[in-house]
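Have a look at the structure below before the remarks.
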Amino acid sequence: MSLSAYVPILFLFALAAAFALFSVGVSQIVGPKRANRAKLEAYECGIEPSPEPVGGGRFPVRFFLVAMLFIVFDIEIIFLYPWAVSFNALGLFGFVEMLLFIGTVLIAYAYVWRRGGLDWD
Amino acid sequence: MTTAVDVLAQELQIRLPALDYLAMGPMLVLFGGACLGVLVEAFATRRSRPFLQFWLSLIALVAALVTVVRAANNSPQAFTADTAIAVDGPALFLQGTVIVLGMVALLLMGERRIDKGGPFVARASVPVGGEADRRQARESGSTEVFPLTLFALGGMTLFVAANDLLTMFVALEVFSLPLYLLCALARRRRLISQEAALKYFLLGAFASAFFVFGTALLYGFAGTLRLGGIHTAALGSTANPLLLFGGIALIAVALLFKVAAVPFHVWTPDVYQGAPTPVTAFMAACTKAAAIGALLRVLYVALDRVRWDIEPVIGAVAILTMLVGAVLAVTQTDIKRLLAYSSIANAGYLLVGALAFSREGVSSSLFYLAAYGFTVVAAFAVVALVRDEDGEATHLRRWAGLGRRSPVVAGLFTFLLLAFAGIPLTSGFTSKFAVFSAALGTSGQWQVAMVIAGVVTSMVLAFPYLRVVVMMWLSEPVENGPMVANAGTLTWTALWVGAFATLVLGVYPAPVLDLAHKAAEFLQ
Amino acid sequence: MQPGYYIVLAALLFTIGAVGVLIRRNAIVLFMCIELMLNASNLALVTFGRINGTLDGQIMAFFVMVVAAAEVVVGLAIIMSIFRTRRSASVDDANLLRY
């Protein structure tokens with residue numbers, strides 16, 4: 001296998017690097033510079049971070065449910081990779097099988113959604 | 001040097017596997033029914049769910065049974081899905097058995113009159129004793145149990161037909177994961193139930209990790225995951241035999257764990273005691289059938305050329321299982337734990353049949369699984385019926401004098417216990433006789449040793465059973481002792497079906513024995 | 001690089017996980033040890049796939065990963081419900097089932 005297959009990837013890297021350098025550089029040159037206190041704080045949204053998080057570093061149990069749901073739905077992607085790689089070889093049969101698979105995942109999603117697993121409060 | 005990409009490129013000339021949908025019918029129907037059940041759970045109103053779910057599950061089970069019968073009548077025995085699934089006699093027989101036993105257990109799960117709202121809890125994670133807990137004690141219980149049961153049954157029907165280790169592993173997990181959840185959902189004594197689920201889960205996940213590593217070693221040995229390929233490689237391969245025997249040992253650990261054989265039995269009493277009684281009945285009947293079915297297939301299809309090497313090890317496990325199960329059953333004071341140790345001992349008897357390495361060995365094991373399943377489901381139906389104000393009265397002392405207060409239930413339970421003890425004219429006698437004579441038919445020294453151990457432990461086991469019988473009929477009734485609950489038709493149907501099957505398979509076993517004998521040929 | 005080394009590494013990781021399951025007492029840690037065992041098996045599967053020159057090992061590894069994720073979710077759900085009903089994740093605290 002020749003290296004020429006990787007040229008598009010190299011090109012993509014170059015494009016991404018150029019875009020990053022360009023936007024950082026241009027904002028340095030063009031952007032207005034007005035100092036205030038908020039800009040010296042840590043770059044985060046929301047409240048100011050404190051050394052000791054509330055509750056000794058614990059976080060609400062709701063995160064656990066979200067994380068679990070994320071893991072389950074996320075891991076299904078693993079079957080999409082080999083399918084996508086051999087999509088042409090698999091043809092219509094593979095396509096229908098994958099539709100069925102995603103339909104099954106959707107059934108689980110419908111259950112989670114209807115039973116309030118996605119509600120934050 | 002070939003890179004992974006090159007291998008992939010070669011493999012890309014993909015042959016699509018031929019799928020025989022009729023042969024896979026039972027699995028498709030059960031999984032489809034379970035998916036429908038999940039949708040019902042998502043979109044139906046809370047009030048209509050118990051009714052819808054119960055009947056949906058029952059219809060799915062009936063449909064699955066019909067497909068099993070049709071597959072048995074129509075198609076010749078064949079592999080399907082590129083030999084991942086073997087639709088042969090033992091697979092079809094066990095699929096039918098598991099589905100029928102699942103139906104009977106489903107009747108117990110659907111019972112909504114003994115405990116108002118059913119034997120399951122709606123939200124298992126509400127703190128015990130709190131206001132929310134008192135409120136949900138009056139509510140209808142969880143209906144997710146029905147789709148979960150269907151998923152478990154689908155996994156079991158796949159497990160007994162799985163012809164490669166990958167399919168077997170996936171099926172193992174598909175039936176195990178719902179069972180872990182079902183164990184945690186008891187309405188009464190929820191803490192014990194959750195604790196049982198945790199133990200079952202941690203040990204079960206531990207065992208399936210062993211299964212995967214064993215699979216990896218066997219794959220390294222044979223270069224394929226197919227059971228037939230391992231069979232071929234076991235004689236001709238130049239690969240390191242350490243891989244073969246290491247792999248067999250690790251896979252055996254996982255399968256013997258599911259069978260509940262000593263020394264992998266520690267979870268059994270705890271889980272049987274803690275799980276909701278209908279789930280215990282389901283596990284005792286169906287999980288045992290599925291696990292023994294897979295063990296038989298691995299032994300007979302993949303490993304029959306190394307049987308001389310594995311016979312001493314599994315033979316020793318069988319003898320230990322019978323001894324430990326029987327001896328510890330004598331010391332039990334809780335009826336569910338007593339039945340759990342009896343189930344362990346019965347795993348030993350099943351291993352005796354499996355290790356006969358003959359057609360009779362397979363057919364007697366198949367018959368044993370069907371007979372034992374009916375008896376054990378009926379026995380747990382009785383356990384679900386005998387109650388006092390705290391729920392099921394499982395302590396044996398509380399059962400004293402039950403015969404005077406509820407002669408019908410006590411009489412049925414006496415009959416079931418006699419069947420467990422192997423008294424003639426019950427299925428227990430027929431099935432024990434079948435496995436022991438199959439083992440003697442092979443007449444190896446291990447088989448003889450196992451039969452001796454089997455007869456001795458049967459006599460030991462008769463003692464705890466008869467003690468319960470004596471207690472029910474001859475002891476003075478205890479003060480405000482348990483009553484037989486005012487149950488609906490479902491529990492009574494399950495109880496009578498189980499007891500009737502126990503009687504018929506004891507008095508007139510010939511048709512089922514014939515069926516098992518005809519089915520007892522594994523597809524190589 | 002000898003693929004045999006990877007098998008040895010996988011066996012070591014598997015053993016570490018198995019020993020961890022036997023000696024640790026926190027349910028979450030037990031759980032992580034089981035995951036370690038599964039991942040060690042994955043390593044062995046992939047390595048044997050390379051040695052044998054077939055893709056079955058990699059496919060099996062995919063399935064093991066998915067099953068492991070499902071197992072994580074079921075296990076954590078059980079552990080969480082125990083934690084909520086009694087506020088502890090230690091296996092030794094779960095001790096109602098003794099005889």
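Each chain in the structure tokens gets a letter, A, B and so on, in the order shown; residues start at 1 in every chain, and ligands are counted from 1 in the order they appear.
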Residues of range 65-113 of chain B that approach range 349-365 of chain B to 12 Å or less, counting only C-alpha atoms: could you list each one with the shortest pair of atoms and its distance in Å to one decimal, rows by chain and increasing residue number, as JSON lines?
```
{"residue": "B:Gly89", "atom": "CA", "partner": "B:Ser363", "partner_atom": "CA", "distance": 9.9}
{"residue": "B:Pro90", "atom": "CA", "partner": "B:Val362", "partner_atom": "CA", "distance": 8.0}
{"residue": "B:Ala91", "atom": "CA", "partner": "B:Val362", "partner_atom": "CA", "distance": 11.4}
{"residue": "B:Phe93", "atom": "CA", "partner": "B:Ser363", "partner_atom": "CA", "distance": 9.9}
{"residue": "B:Leu94", "atom": "CA", "partner": "B:Ser365", "partner_atom": "CA", "distance": 10.3}
```
Residues of chain B within 9 Å of chain C, using only C-alpha atoms, as JSON, numbers by chain?
{"B": [2, 4, 7, 8, 11, 124, 125, 126, 127, 128, 166, 169, 170, 173, 174, 177, 178, 180, 181, 184, 191, 192, 194, 195, 196, 197, 198, 199, 201, 202, 205, 206, 208, 209, 210, 212, 213, 214, 215, 216, 217, 219, 220, 221, 222, 223, 224, 225, 269, 270, 271, 273, 274, 332, 333]}
Using only C-alpha atoms, which residues of chain A come within 10 Å of chain C, and what is the closest atom pair for each, with the distance in Å to one decimal? Give it as JSON lines, sorted by chain and residue number.
```
{"residue": "A:Val61", "atom": "CA", "partner": "C:Met80", "partner_atom": "CA", "distance": 9.0}
{"residue": "A:Phe64", "atom": "CA", "partner": "C:Leu76", "partner_atom": "CA", "distance": 8.8}
{"residue": "A:Leu65", "atom": "CA", "partner": "C:Ala77", "partner_atom": "CA", "distance": 8.6}
{"residue": "A:Ala67", "atom": "CA", "partner": "C:Val73", "partner_atom": "CA", "distance": 9.2}
{"residue": "A:Met68", "atom": "CA", "partner": "C:Val73", "partner_atom": "CA", "distance": 5.7}
{"residue": "A:Leu69", "atom": "CA", "partner": "C:Val73", "partner_atom": "CA", "distance": 8.0}
{"residue": "A:Phe70", "atom": "CA", "partner": "C:Val73", "partner_atom": "CA", "distance": 9.9}
{"residue": "A:Ile71", "atom": "CA", "partner": "C:Ala69", "partner_atom": "CA", "distance": 6.7}
{"residue": "A:Val72", "atom": "CA", "partner": "C:Ala69", "partner_atom": "CA", "distance": 6.3}
{"residue": "A:Phe73", "atom": "CA", "partner": "C:Ala69", "partner_atom": "CA", "distance": 9.5}
{"residue": "A:Asp74", "atom": "CA", "partner": "C:Ala69", "partner_atom": "CA", "distance": 9.4}
{"residue": "A:Ile75", "atom": "CA", "partner": "C:Val66", "partner_atom": "CA", "distance": 6.0}
{"residue": "A:Glu76", "atom": "CA", "partner": "C:Val66", "partner_atom": "CA", "distance": 7.0}
{"residue": "A:Ile77", "atom": "CA", "partner": "C:Val66", "partner_atom": "CA", "distance": 9.5}
{"residue": "A:Ile78", "atom": "CA", "partner": "C:Phe62", "partner_atom": "CA", "distance": 7.0}
{"residue": "A:Phe79", "atom": "CA", "partner": "C:Phe62", "partner_atom": "CA", "distance": 7.6}
{"residue": "A:Pro82", "atom": "CA", "partner": "C:Ile59", "partner_atom": "CA", "distance": 9.2}
```
Write a file of the selected residues as a PDB file, in the first residue's frame, keeping C-alpha atoms.
```pdb
ATOM      1  CA  VAL A  61     -26.514  11.291  41.549  1.00  0.00           C
ATOM      2  CA  PHE A  64     -24.701   8.820  37.166  1.00  0.00           C
ATOM      3  CA  LEU A  65     -27.908   8.174  35.281  1.00  0.00           C
ATOM      4  CA  ALA A  67     -23.420   8.746  32.316  1.00  0.00           C
ATOM      5  CA  MET A  68     -24.976   5.283  32.232  1.00  0.00           C
ATOM      6  CA  LEU A  69     -27.339   6.173  29.434  1.00  0.00           C
ATOM      7  CA  PHE A  70     -24.451   7.734  27.566  1.00  0.00           C
ATOM      8  CA  ILE A  71     -22.313   4.614  27.868  1.00  0.00           C
ATOM      9  CA  VAL A  72     -25.062   2.327  26.632  1.00  0.00           C
ATOM     10  CA  PHE A  73     -25.978   4.365  23.619  1.00  0.00           C
ATOM     11  CA  ASP A  74     -22.413   5.379  22.865  1.00  0.00           C
ATOM     12  CA  ILE A  75     -21.030   1.860  22.726  1.00  0.00           C
ATOM     13  CA  GLU A  76     -23.450   0.860  19.986  1.00  0.00           C
ATOM     14  CA  ILE A  77     -21.349   2.981  17.639  1.00  0.00           C
ATOM     15  CA  ILE A  78     -18.752   0.239  17.777  1.00  0.00           C
ATOM     16  CA  PHE A  79     -20.852  -1.851  15.401  1.00  0.00           C
ATOM     17  CA  PRO A  82     -16.980  -2.270  10.691  1.00  0.00           C
TER      18      PRO A  82
END
```
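The list of residues with at least one atom within 9 Å of Lys336 in chain B, based on only C-alpha atoms and without residues fewer than 2 positions apart in the same chain, reads Pro269, Tyr272, Gln273, Gly274, Thr277, Thr280, Thr333, Asp334, Leu338, Leu339, Ala340, Tyr341, Phe380, Val383, Thr394 and His395 of chain B.
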Just write the chosen residues, C-alpha atoms, as a short mmCIF file (atom, residue, chain, number, x, y, z; two decimals), in the first residue's frame.
```cif
data_model
loop_
_atom_site.label_atom_id
_atom_site.label_comp_id
_atom_site.auth_asym_id
_atom_site.auth_seq_id
_atom_site.Cartn_x
_atom_site.Cartn_y
_atom_site.Cartn_z
CA PRO B 269 -28.54 -20.34 48.33
CA TYR B 272 -32.50 -18.33 45.67
CA GLN B 273 -33.43 -17.00 49.08
CA GLY B 274 -33.21 -13.32 48.26
CA THR B 277 -39.99 -16.38 44.62
CA THR B 280 -36.31 -18.12 41.92
CA THR B 333 -33.85 -24.09 58.33
CA ASP B 334 -35.22 -21.95 55.50
CA LEU B 338 -33.28 -25.98 51.39
CA LEU B 339 -34.59 -25.99 47.82
CA ALA B 340 -31.41 -24.17 46.73
CA TYR B 341 -29.15 -26.87 48.15
CA PHE B 380 -41.72 -22.56 44.60
CA VAL B 383 -43.49 -21.34 48.84
CA THR B 394 -39.98 -19.32 54.66
CA HIS B 395 -38.67 -20.48 58.03
#
```
Going by DSSP on the backbone, which residues of range 385-419 of chain B come out as strand (DSSP E or B)? List them as a ChimeraX atom specification.
/B:386-388,391-392,395
Taking only residues of chain A that have an atom at most 7 Å from an atom of chain B, what is each one's shortest atom pair and its distance in Å to one decimal, using only C-alpha atoms, in chain and number order, as JSON lines?
```
{"residue": "A:Ser86", "atom": "CA", "partner": "B:Leu12", "partner_atom": "CA", "distance": 6.7}
{"residue": "A:Ala89", "atom": "CA", "partner": "B:Ile14", "partner_atom": "CA", "distance": 6.4}
{"residue": "A:Ile107", "atom": "CA", "partner": "B:Leu39", "partner_atom": "CA", "distance": 6.4}
{"residue": "A:Ala110", "atom": "CA", "partner": "B:Ala42", "partner_atom": "CA", "distance": 6.4}
{"residue": "A:Tyr111", "atom": "CA", "partner": "B:Ala42", "partner_atom": "CA", "distance": 4.6}
{"residue": "A:Arg114", "atom": "CA", "partner": "B:Ala42", "partner_atom": "CA", "distance": 5.4}
{"residue": "A:Arg115", "atom": "CA", "partner": "B:Ala42", "partner_atom": "CA", "distance": 6.5}
```
Using only C-alpha atoms, which residues sit within 7 Å of Trp399 in chain B once same-chain residues fewer than 2 positions away are excluded, as a short mmCIF file (atom, residue, chain, number, x, y, z; two decimals) with C-alpha atoms, in the first residue's frame?
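Full text of around_21.cif as output:
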```cif
data_model
loop_
_atom_site.label_atom_id
_atom_site.label_comp_id
_atom_site.auth_asym_id
_atom_site.auth_seq_id
_atom_site.Cartn_x
_atom_site.Cartn_y
_atom_site.Cartn_z
CA LEU B 396 -39.29 -24.21 58.33
CA ARG B 397 -40.47 -23.99 61.93
CA GLY B 401 -48.83 -28.30 61.31
CA LEU B 402 -49.60 -26.86 57.90
CA MET B 471 -43.26 -31.28 60.27
CA MET B 472 -46.23 -30.38 58.10
#
```
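As for CA of Gly31 in chain A and CA of Ala18 in chain A, they are spaced 18.9 Å apart.
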Could you tell me how far CA of Gln77 in chain B sits from CA of Gly236 in chain B, in Å to one decimal place?
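CA of Gln77 in chain B lies 27.0 Å from CA of Gly236 in chain B.
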